[in-house]
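Peer 1: Below you'll find start.cif; it's mmCIF, C-alpha atoms and all ligand atoms.
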```cif
data_data
#
loop_
_atom_site.label_atom_id
_atom_site.label_comp_id
_atom_site.auth_asym_id
_atom_site.auth_seq_id
_atom_site.Cartn_x
_atom_site.Cartn_y
_atom_site.Cartn_z
CA MET A 1 26.22 -20.04 -43.55
CA HIS A 2 23.77 -18.40 -41.24
CA SER A 3 26.15 -15.68 -40.19
CA VAL A 4 27.25 -14.92 -43.77
CA ALA A 5 23.62 -14.43 -44.74
CA MET A 6 23.10 -12.16 -41.77
CA VAL A 7 26.09 -9.99 -42.62
CA LEU A 8 24.84 -9.65 -46.19
CA ILE A 9 21.42 -8.54 -45.03
CA ALA A 10 22.96 -6.07 -42.61
CA LEU A 11 25.11 -4.63 -45.38
CA ALA A 12 22.19 -4.39 -47.77
CA LEU A 13 20.17 -2.52 -45.18
CA LEU A 14 23.02 -0.24 -44.25
CA ALA A 15 23.65 0.58 -47.90
CA GLY A 16 20.06 1.72 -48.25
CA THR A 17 20.08 3.85 -45.13
CA PRO A 18 22.99 6.21 -44.70
CA ALA A 19 23.25 8.03 -41.37
CA ALA A 20 21.58 11.16 -42.74
CA ALA A 21 17.81 10.97 -42.98
CA THR A 22 16.62 9.44 -46.22
CA PRO A 23 12.97 9.52 -47.28
CA ALA A 24 12.66 6.08 -45.66
CA GLU A 25 13.89 7.47 -42.36
CA ALA A 26 12.05 10.75 -42.47
CA HIS A 27 8.65 9.37 -43.34
CA ASN A 28 6.48 6.70 -41.88
CA SER A 29 5.54 5.01 -45.17
CA PHE A 30 7.49 2.14 -46.74
CA VAL A 31 7.34 -1.45 -47.95
CA VAL A 32 9.25 -4.42 -46.54
CA VAL A 33 9.76 -6.82 -49.44
CA GLY A 34 10.30 -10.55 -49.18
CA ALA A 35 10.69 -11.04 -45.42
CA LYS A 36 9.05 -13.88 -43.55
CA VAL A 37 6.30 -12.42 -41.36
CA PHE A 38 5.41 -13.55 -37.86
CA ASP A 39 2.06 -11.81 -37.46
CA GLY A 40 1.76 -12.26 -33.67
CA ALA A 41 0.41 -15.80 -33.95
CA GLU A 42 1.49 -17.44 -37.22
CA LEU A 43 4.50 -17.41 -39.50
CA HIS A 44 3.95 -16.46 -43.14
CA PRO A 45 6.42 -17.42 -45.89
CA PRO A 46 8.33 -14.52 -47.47
CA THR A 47 5.87 -11.80 -48.43
CA ASN A 48 5.44 -8.03 -48.54
CA VAL A 49 4.17 -5.64 -45.89
CA ILE A 50 3.01 -2.17 -46.87
CA VAL A 51 3.08 0.64 -44.30
CA ARG A 52 1.52 4.01 -44.96
CA ASP A 53 1.45 7.00 -42.59
CA GLY A 54 2.47 4.84 -39.62
CA LEU A 55 -0.11 2.13 -40.14
CA ILE A 56 0.11 -1.32 -41.69
CA VAL A 57 -2.15 -1.24 -44.74
CA ALA A 58 -1.55 -4.56 -46.51
CA ILE A 59 0.26 -7.88 -46.28
CA GLY A 60 0.83 -10.33 -49.10
CA THR A 61 2.25 -10.74 -52.56
CA ASP A 62 -1.02 -9.90 -54.32
CA PRO A 63 -1.32 -6.17 -53.66
CA PRO A 64 0.85 -4.40 -56.24
CA LEU A 65 3.84 -2.68 -54.67
CA PRO A 66 3.16 1.06 -54.58
CA ASP A 67 5.84 2.84 -56.60
CA ASP A 68 5.74 5.96 -54.43
CA LEU A 69 7.12 4.18 -51.35
CA PRO A 70 10.69 3.28 -50.43
CA GLN A 71 11.32 -0.47 -50.46
CA LEU A 72 13.39 -2.34 -47.96
CA GLN A 73 14.67 -5.79 -48.92
CA GLY A 74 13.84 -8.28 -46.18
CA LYS A 75 15.12 -11.49 -47.79
CA GLY A 76 16.55 -13.85 -45.18
CA ALA A 77 14.99 -11.86 -42.35
CA THR A 78 11.75 -12.03 -40.33
CA LEU A 79 9.37 -9.16 -39.62
CA LEU A 80 7.67 -9.23 -36.20
CA PRO A 81 5.29 -6.99 -34.26
CA GLY A 82 7.15 -4.78 -31.76
CA PHE A 83 7.40 -6.52 -28.40
CA ILE A 84 5.10 -5.84 -25.47
CA ASP A 85 6.79 -6.26 -22.06
CA SER A 86 3.92 -7.03 -19.67
CA HIS A 87 5.76 -6.13 -16.47
CA VAL A 88 8.11 -3.17 -16.10
CA HIS A 89 8.57 -0.12 -13.91
CA VAL A 90 9.19 3.03 -15.90
CA PHE A 91 11.43 5.91 -14.89
CA PRO A 92 12.76 8.74 -17.06
CA GLY A 93 14.82 7.14 -19.83
CA ALA A 94 13.19 3.73 -19.49
CA GLN A 95 11.01 3.99 -22.57
CA ALA A 96 13.93 5.08 -24.80
CA ASP A 97 16.00 2.16 -23.48
CA ALA A 98 13.07 -0.16 -24.17
CA LEU A 99 12.55 0.99 -27.75
CA ARG A 100 16.24 0.62 -28.73
CA PHE A 101 15.82 -3.12 -28.04
CA GLY A 102 12.49 -3.66 -29.77
CA VAL A 103 10.03 -3.21 -26.90
CA THR A 104 7.52 -0.84 -28.47
CA THR A 105 4.94 -1.07 -25.64
CA ALA A 106 5.75 -1.22 -21.93
CA LEU A 107 3.14 -2.20 -19.36
CA ASP A 108 4.13 -0.50 -16.12
CA MET A 109 3.11 -2.36 -12.98
CA TYR A 110 3.70 0.24 -10.25
CA HIS A 111 4.44 3.86 -10.94
CA LEU A 112 4.81 6.69 -8.44
CA GLY A 113 3.76 9.33 -10.96
CA GLY A 114 0.16 10.45 -10.90
CA ARG A 115 -2.35 12.10 -13.18
CA ASP A 116 0.25 14.00 -15.25
CA SER A 117 2.30 10.88 -16.04
CA ALA A 118 -0.77 8.90 -16.99
CA ALA A 119 -1.98 11.72 -19.26
CA ALA A 120 1.43 11.99 -20.95
CA PHE A 121 1.57 8.21 -21.53
CA LYS A 122 -1.90 8.29 -23.04
CA ALA A 123 -1.12 11.26 -25.30
CA GLN A 124 1.92 9.47 -26.70
CA ARG A 125 0.35 6.06 -27.27
CA THR A 126 -2.69 7.46 -29.05
CA SER A 127 -0.52 9.48 -31.44
CA LEU A 128 1.35 8.33 -34.54
CA SER A 129 4.08 10.93 -34.10
CA LYS A 130 7.76 10.15 -34.44
CA THR A 131 9.13 9.18 -31.04
CA ARG A 132 12.24 7.71 -29.45
CA GLU A 133 10.23 6.05 -26.73
CA ALA A 134 8.12 2.94 -26.26
CA ASP A 135 4.45 3.56 -25.46
CA THR A 136 3.41 3.06 -21.85
CA PHE A 137 0.35 1.79 -20.02
CA THR A 138 0.35 1.93 -16.22
CA SER A 139 -1.35 0.85 -13.01
CA LEU A 140 0.07 3.95 -11.28
CA THR A 141 0.55 3.09 -7.59
CA GLY A 142 -1.00 -0.22 -6.56
CA VAL A 143 -3.34 -1.28 -3.79
CA THR A 144 -1.49 -2.43 -0.68
CA PRO A 145 -2.23 -2.48 3.06
CA PRO A 146 -0.17 -0.40 5.52
CA GLY A 147 3.15 -2.26 5.80
CA GLY A 148 2.48 -4.12 2.52
CA HIS A 149 4.78 -4.47 -0.52
CA PRO A 150 6.48 -2.19 -1.66
CA SER A 151 6.46 -0.11 1.53
CA GLN A 152 9.76 -1.78 2.54
CA MET A 153 11.30 -0.15 -0.55
CA ALA A 154 9.49 3.17 -0.40
CA SER A 155 11.70 4.70 2.28
CA GLY A 156 14.62 4.21 -0.14
CA TRP A 157 12.65 6.09 -2.79
CA GLY A 158 12.07 8.92 -0.30
CA VAL A 159 8.30 8.83 -0.68
CA GLU A 160 5.31 7.66 1.24
CA ILE A 161 3.14 5.32 -0.78
CA PRO A 162 -0.66 5.28 -0.51
CA THR A 163 -2.06 2.33 1.43
CA LEU A 164 -5.52 0.88 1.98
CA ALA A 165 -6.14 0.46 5.71
CA ALA A 166 -8.82 -1.81 7.20
CA GLU A 167 -11.11 1.16 7.88
CA ASP A 168 -10.64 2.72 4.39
CA ASP A 169 -13.27 2.56 1.67
CA VAL A 170 -12.17 0.11 -1.05
CA ASP A 171 -14.23 1.59 -3.86
CA ALA A 172 -13.02 5.14 -3.15
CA PHE A 173 -9.39 3.95 -3.16
CA VAL A 174 -9.76 2.10 -6.47
CA ARG A 175 -11.76 4.96 -8.03
CA GLU A 176 -9.06 7.47 -7.13
CA ARG A 177 -6.48 5.42 -9.07
CA ILE A 178 -8.74 5.10 -12.10
CA GLU A 179 -9.61 8.80 -12.07
CA ALA A 180 -5.87 9.55 -12.03
CA GLY A 181 -5.56 7.47 -15.23
CA ALA A 182 -4.68 3.90 -14.18
CA ASP A 183 -5.20 1.55 -17.13
CA TYR A 184 -5.50 -1.50 -14.84
CA ILE A 185 -5.14 -2.06 -11.11
CA LYS A 186 -2.22 -3.79 -9.41
CA ILE A 187 -2.93 -5.34 -6.03
CA MET A 188 -0.14 -6.44 -3.70
CA GLN A 189 -0.66 -9.76 -1.93
CA ASP A 190 2.64 -10.64 -0.31
CA ASP A 191 3.97 -11.47 3.14
CA SER A 192 7.34 -12.46 4.54
CA THR A 193 7.33 -16.07 3.28
CA ILE A 194 9.85 -15.35 0.51
CA GLY A 195 11.57 -12.06 1.24
CA GLU A 196 13.58 -11.17 4.29
CA THR A 197 11.47 -8.25 5.41
CA GLU A 198 8.22 -8.39 7.34
CA LEU A 199 5.34 -7.60 4.96
CA VAL A 200 1.61 -7.31 5.55
CA ALA A 201 -0.83 -9.00 3.14
CA PHE A 202 -4.59 -8.50 2.81
CA GLY A 203 -6.89 -11.13 4.28
CA GLU A 204 -8.48 -13.22 1.52
CA ALA A 205 -11.94 -11.68 2.00
CA ARG A 206 -10.48 -8.16 1.74
CA LEU A 207 -8.59 -9.18 -1.41
CA GLY A 208 -11.90 -10.34 -2.89
CA GLU A 209 -13.54 -7.04 -2.01
CA ILE A 210 -10.77 -5.13 -3.84
CA ILE A 211 -10.93 -7.33 -6.95
CA ARG A 212 -14.73 -6.88 -7.12
CA ALA A 213 -14.30 -3.10 -6.84
CA VAL A 214 -11.77 -3.16 -9.70
CA HIS A 215 -14.14 -5.18 -11.86
CA ALA A 216 -17.02 -2.82 -11.03
CA HIS A 217 -14.91 -0.16 -12.78
CA GLN A 218 -14.26 -2.42 -15.80
CA ARG A 219 -10.56 -2.72 -15.13
CA LEU A 220 -8.28 -5.74 -14.96
CA ALA A 221 -7.22 -6.84 -11.46
CA ILE A 222 -3.57 -7.93 -11.48
CA VAL A 223 -2.31 -9.43 -8.24
CA HIS A 224 1.36 -9.46 -7.24
CA VAL A 225 2.14 -12.76 -5.50
CA SER A 226 5.20 -14.64 -4.29
CA THR A 227 3.72 -17.94 -3.09
CA GLN A 228 1.32 -20.52 -4.48
CA GLU A 229 -1.09 -19.85 -1.61
CA GLN A 230 -1.21 -16.15 -2.52
CA ALA A 231 -1.87 -17.14 -6.14
CA ARG A 232 -4.64 -19.49 -4.99
CA GLN A 233 -6.25 -16.64 -3.04
CA ALA A 234 -5.96 -14.33 -6.05
CA PHE A 235 -7.55 -16.82 -8.47
CA ALA A 236 -10.20 -17.89 -5.94
CA GLN A 237 -11.20 -14.23 -5.58
CA GLY A 238 -11.42 -13.63 -9.32
CA ALA A 239 -8.08 -12.03 -10.25
CA ASP A 240 -7.52 -11.63 -13.99
CA MET A 241 -3.76 -12.11 -13.79
CA ILE A 242 -1.03 -12.81 -11.30
CA ALA A 243 2.16 -10.80 -11.60
CA HIS A 244 5.18 -13.09 -11.11
CA VAL A 245 5.12 -16.85 -11.18
CA PHE A 246 5.29 -17.84 -7.50
CA GLN A 247 8.56 -18.96 -6.01
CA ASP A 248 7.87 -21.47 -3.23
CA LYS A 249 6.32 -24.42 -5.10
CA VAL A 250 5.72 -25.91 -8.52
CA ALA A 251 2.15 -25.10 -9.62
CA ASP A 252 -0.11 -27.98 -8.59
CA ASP A 253 -3.13 -29.37 -10.44
CA GLU A 254 -5.63 -27.67 -8.16
CA LEU A 255 -4.13 -24.26 -8.83
CA LEU A 256 -4.01 -24.84 -12.61
CA ALA A 257 -7.68 -25.84 -12.55
CA LEU A 258 -8.58 -22.69 -10.60
CA ALA A 259 -6.66 -20.46 -13.02
CA LEU A 260 -8.34 -22.11 -16.00
CA LYS A 261 -11.81 -21.83 -14.49
CA ASN A 262 -11.21 -18.12 -13.99
CA ASP A 263 -9.77 -17.50 -17.47
CA ALA A 264 -6.82 -16.03 -15.60
CA ALA A 265 -3.32 -15.44 -16.93
CA VAL A 266 0.21 -15.38 -15.52
CA ILE A 267 2.73 -12.60 -16.13
CA THR A 268 6.00 -14.50 -15.95
CA THR A 269 8.89 -12.25 -14.78
CA LEU A 270 11.32 -15.14 -15.34
CA SER A 271 14.16 -12.69 -16.01
CA VAL A 272 14.24 -11.17 -12.54
CA LEU A 273 13.58 -14.56 -10.92
CA ALA A 274 16.44 -16.15 -12.87
CA ARG A 275 18.68 -13.50 -11.34
CA ALA A 276 17.26 -14.30 -7.92
CA ALA A 277 18.36 -17.86 -8.70
CA GLY A 278 21.82 -16.49 -9.48
CA THR A 279 21.99 -17.37 -13.20
CA GLU A 280 24.25 -15.62 -15.71
CA HIS A 281 21.60 -15.04 -18.42
CA ALA A 282 21.79 -11.28 -17.89
CA ASP A 283 25.56 -11.24 -18.33
CA THR A 284 25.23 -13.14 -21.61
CA LEU A 285 22.76 -10.47 -22.79
CA SER A 286 25.12 -7.66 -21.80
CA ALA A 287 27.96 -9.26 -23.75
CA HIS A 288 25.91 -9.90 -26.91
CA PRO A 289 27.60 -8.17 -29.86
CA LYS A 290 24.28 -6.67 -31.01
CA PHE A 291 23.61 -5.33 -27.50
CA THR A 292 26.83 -3.98 -26.00
CA ASP A 293 27.00 -0.77 -28.03
CA HIS A 294 23.36 0.06 -27.45
CA LEU A 295 23.05 -0.36 -23.69
CA SER A 296 22.75 2.85 -21.70
CA SER A 297 24.81 3.04 -18.53
CA PHE A 298 21.61 2.48 -16.55
CA GLN A 299 20.83 -0.66 -18.55
CA SER A 300 24.37 -2.03 -18.05
CA GLN A 301 24.15 -1.25 -14.37
CA THR A 302 20.79 -2.97 -13.76
CA LEU A 303 21.71 -5.97 -15.95
CA GLY A 304 24.88 -6.42 -13.91
CA ALA A 305 23.15 -6.08 -10.54
CA ARG A 306 22.72 -9.18 -8.37
CA PHE A 307 20.62 -10.11 -5.36
CA PRO A 308 22.44 -10.38 -2.04
CA ARG A 309 21.18 -13.94 -1.49
CA GLU A 310 20.93 -16.30 -4.47
CA ARG A 311 18.70 -19.39 -4.59
CA PRO A 312 19.89 -21.75 -7.35
CA GLN A 313 17.03 -24.21 -6.76
CA LEU A 314 14.52 -21.51 -7.76
CA LEU A 315 15.16 -21.69 -11.53
CA GLY A 316 13.95 -25.27 -12.07
CA ARG A 317 10.83 -24.60 -10.03
CA ILE A 318 9.70 -21.46 -11.87
CA LEU A 319 10.41 -22.94 -15.31
CA GLU A 320 8.43 -26.05 -14.41
CA SER A 321 5.50 -23.97 -13.16
CA ILE A 322 5.42 -21.87 -16.33
CA GLY A 323 5.60 -25.04 -18.42
CA ARG A 324 2.69 -26.49 -16.47
CA PHE A 325 0.57 -23.32 -16.76
CA HIS A 326 1.19 -23.23 -20.49
CA ALA A 327 0.51 -26.95 -21.03
CA ALA A 328 -2.75 -26.62 -19.08
CA GLY A 329 -3.90 -23.79 -21.36
CA VAL A 330 -3.39 -20.89 -18.94
CA PRO A 331 -2.04 -17.92 -20.94
CA VAL A 332 1.46 -16.84 -19.94
CA LEU A 333 2.57 -13.31 -20.78
CA ALA A 334 6.20 -12.29 -21.19
CA GLY A 335 7.14 -9.74 -18.55
CA SER A 336 10.65 -8.98 -17.36
CA ASP A 337 10.15 -6.80 -14.23
CA ALA A 338 12.82 -4.42 -15.54
CA PRO A 339 14.74 -2.61 -14.10
CA ASN A 340 15.11 -4.95 -11.14
CA PRO A 341 18.49 -6.67 -10.55
CA GLY A 342 19.63 -8.70 -13.56
CA THR A 343 17.19 -7.02 -15.95
CA ALA A 344 17.12 -3.95 -18.20
CA HIS A 345 14.34 -2.21 -20.05
CA GLY A 346 14.12 -3.56 -23.59
CA ALA A 347 17.07 -5.93 -23.47
CA SER A 348 15.43 -8.30 -21.00
CA ILE A 349 12.47 -9.16 -23.21
CA HIS A 350 14.93 -11.20 -25.28
CA GLN A 351 15.93 -13.14 -22.15
CA GLU A 352 12.29 -13.60 -21.17
CA LEU A 353 11.67 -15.20 -24.58
CA GLU A 354 14.66 -17.51 -24.15
CA LEU A 355 13.40 -18.59 -20.71
CA LEU A 356 9.87 -19.17 -22.00
CA VAL A 357 11.32 -21.59 -24.51
CA ALA A 358 13.34 -23.22 -21.71
CA ALA A 359 10.04 -23.61 -19.84
CA GLY A 360 8.55 -25.59 -22.72
CA LEU A 361 6.90 -23.06 -25.05
CA SER A 362 7.78 -23.29 -28.72
CA PRO A 363 9.61 -20.21 -30.04
CA LYS A 364 6.39 -19.22 -31.84
CA GLN A 365 4.36 -19.50 -28.62
CA ALA A 366 6.98 -17.46 -26.77
CA LEU A 367 6.80 -14.72 -29.43
CA HIS A 368 2.99 -14.81 -29.15
CA ALA A 369 3.39 -14.24 -25.38
CA ALA A 370 5.24 -10.99 -26.12
CA THR A 371 2.99 -9.70 -28.94
CA ALA A 372 -0.59 -10.62 -29.84
CA LEU A 373 -1.46 -12.40 -26.59
CA PRO A 374 -0.81 -9.49 -24.20
CA ALA A 375 -2.42 -7.15 -26.74
CA ARG A 376 -5.59 -9.24 -26.62
CA LEU A 377 -5.69 -9.77 -22.85
CA PHE A 378 -4.99 -6.11 -22.08
CA GLY A 379 -7.41 -4.92 -24.77
CA LEU A 380 -4.73 -3.11 -26.82
CA ASP A 381 -6.45 -3.34 -30.16
CA ASP A 382 -4.08 -1.20 -32.26
CA ARG A 383 -0.89 -3.20 -31.68
CA GLY A 384 0.73 -6.57 -31.08
CA ARG A 385 -0.10 -7.95 -34.56
CA ILE A 386 0.95 -7.45 -38.13
CA ALA A 387 -2.41 -6.88 -39.77
CA PRO A 388 -4.05 -4.09 -41.76
CA GLY A 389 -4.99 -1.18 -39.49
CA MET A 390 -2.41 -1.92 -36.80
CA ARG A 391 0.15 0.73 -35.96
CA ALA A 392 3.49 -0.03 -37.61
CA ASP A 393 5.45 -0.97 -34.50
CA LEU A 394 7.74 -3.50 -36.18
CA LEU A 395 11.01 -5.37 -35.83
CA LEU A 396 13.11 -6.89 -38.58
CA VAL A 397 15.51 -9.57 -37.32
CA ALA A 398 18.00 -11.70 -39.21
CA GLY A 399 17.06 -15.34 -39.70
CA ASP A 400 13.94 -16.89 -38.22
CA PRO A 401 13.23 -16.58 -34.48
CA THR A 402 10.35 -19.07 -34.79
CA GLU A 403 13.10 -21.65 -35.36
CA ASP A 404 15.68 -20.25 -32.95
CA ILE A 405 14.43 -17.81 -30.33
CA LEU A 406 17.92 -16.31 -29.88
CA GLN A 407 17.53 -14.74 -33.35
CA THR A 408 15.40 -11.96 -31.80
CA ARG A 409 18.72 -10.52 -30.62
CA GLU A 410 19.85 -10.11 -34.25
CA LEU A 411 17.92 -6.85 -34.65
CA LEU A 412 18.29 -5.29 -38.08
CA ARG A 413 15.62 -2.59 -37.88
CA ILE A 414 13.03 -1.27 -35.42
CA TRP A 415 10.08 0.93 -36.37
CA LYS A 416 7.79 2.81 -34.00
CA ASN A 417 4.67 4.33 -35.56
CA GLY A 418 6.27 3.54 -38.91
CA TYR A 419 9.38 5.65 -38.24
CA GLY A 420 12.79 3.99 -38.19
CA VAL A 421 14.32 3.97 -34.71
CA GLN A 422 18.00 4.88 -34.37
CA ARG A 423 19.63 2.34 -32.10
CA ALA A 424 22.79 4.39 -31.63
CA LEU A 425 23.23 5.72 -28.10
CA SER A 426 24.72 8.97 -29.40
CA ASP A 427 21.32 9.77 -30.85
CA GLU A 428 19.55 8.93 -27.65
CA THR A 429 18.91 12.39 -26.23
CA PRO A 430 16.10 14.17 -28.05
ZN ZN B 501 7.53 -5.45 -10.59
#
```
Show me, as structure tokens, the structure contained in the file I just sent.
Peer 2:
Amino acid sequence: MHSVAMVLIALALLAGTPAAATPAEAHNSFVVVGAKVFDGAELHPPTNVIVRDGLIVAIGTDPPLPDDLPQLQGKGATLLPGFIDSHVHVFPGAQADALRFGVTTALDMYHLGGRDSAAAFKAQRTSLSKTREADTFTSLTGVTPPGGHPSQMASGWGVEIPTLAAEDDVDAFVRERIEAGADYIKIMQDDSTIGETELVAFGEARLGEIIRAVHAHQRLAIVHVSTQEQARQAFAQGADMIAHVFQDKVADDELLALALKNDAAVITTLSVLARAAGTEHADTLSAHPKFTDHLSSFQSQTLGARFPRERPQLLGRILESIGRFHAAGVPVLAGSDAPNPGTAHGASIHQELELLVAAGLSPKQALHAATALPARLFGLDDRGRIAPGMRADLLLVAGDPTEDILQTRELLRIWKNGYGVQRALSDETP
């Protein structure tokens, strides 16, 4: 019954939107009629959402439907805010790949580009222009000691990454990143406990000095960790978020208490860690009938990639930790770490949601972790919610993903800044 309803909706939508641009496609004003609405936190019964000039202007059945706007029937479907992926690494093409799968905002967590990239990201995300790309926020390059993560990868990239040596001035290093346009600061705190290469971590006191410098500039301090001890150091020194749930242990009570006391959050990256555990989630995504035709060759390639050494015991541990963080009241934010092995920009947010539910979040809480929650914690006040004044970054999916999280994959329509997004790959190049 479900699938028949979905086909009918798809046909109804297709009938209203032939391939050539219609007024609904060409303009960023329209009404979605009769869809359920997940507003970033709560589910509303079928109602209407009015979008004008790229912004959401009204929700509800009371405001009269404007007769100058095209109407889209949303019966049987759910309207959601565009997804925010709280941990990615962008490269050319990444933001177009992200948008085709419903990620309308990508939070980059280490980017080799400098001032020009940051300025271009900012120009796009403050505009309401028609675009084929997700908006981007970035840390630019992070703070790491000589020999620290990701210097083991940098030789492969053919670049030398900036590092903060013991004799270097912390404030000057942080200020340089912020002046270049970093929206938040990523700090690397990793050693060789998990990986196979020798890595240098900061001493705990030095880590504290860096976090205080970041806070002095009113930025969030996000600390990359791999072990519970590194997470403990980060929280003890005042980090706002850790990037990656740690891999060596299940989060213990002491750590949960420390995170809570700090009002700190966890960016999950369950997708990449599931691949490190050797699971097949990424292959299931690749084979999904709503995905296959829309994956770029780069997305197919990174989704199919595997780690040389797989650790099956990892999956249970990371899911249990995320479940414990969530149950304790520590916010968890959906982040995929695309395009690392077993992930792809855009596509992987759907896997991250599935894994959040496997970790013990309700589907609604998982959706919150990819919409309104990251918007609030990162201070993105124009997105992540369906509310008057928000930019119309929207997804329409068949069925109700607050009942079954896998329904997010049944994408019927995506809008960025109120403009319909073409999912077809043939239309990908501008
Ligand atoms: Zn990463």
Peer 1: Excluding A:Ser139 and any residue of its chain fewer than 3 positions from it, enumerate the residues within 8 Å of it, using all atoms listed in the file, and give them as a list in words.
Peer 2: Asp108, Met109, Tyr110, His111, Gly142, Arg177, Ala182, Asp183, Tyr184, Ile185 and Lys186 of chain A
Peer 1: Rounded to one decimal in Å, what is the spacing between atom CA of A:Leu353 and atom CA of A:Gly335?
Peer 2: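 Result for atom CA of A:Leu353 versus atom CA of A:Gly335: 9.3 Å, one decimal.
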Peer 1: So that I can see what lies close to A:Ala392, please list as a ChimeraX atom specification the residues with an atom at most 10 Å from it, counting only C-alpha atoms and leaving out residues fewer than 3 positions away in the same chain.
Peer 2: /A:28-29,50-57,81-82,128,382-389,395,414-419
Peer 1: I need the residue nearest A:Arg232 from this list: A:Gly208, A:Pro374, A:Pro339, A:Gly148. Use all atoms listed in the file for the distance.
Peer 2: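 Between A:Gly208, A:Pro374, A:Pro339, A:Gly148, the residue approaching A:Arg232 most closely is A:Gly208.
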Peer 1: List all protein, DNA and RNA residues that have at least one atom no more than 9 Å from any atom of ligand ZN 501 (chain B), counting only C-alpha atoms and all ligand atoms, and write them as a list in words.
Peer 2: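 With only C-alpha atoms and all ligand atoms and a cut-off of 9 Å, ligand ZN 501 (chain B) is contacted by His87, Val88, His89, Asp108, Met109, Tyr110, His224, Ala243, His244, Thr269, Ser336, Asp337, Ala338, Pro339 and Asn340 of chain A.
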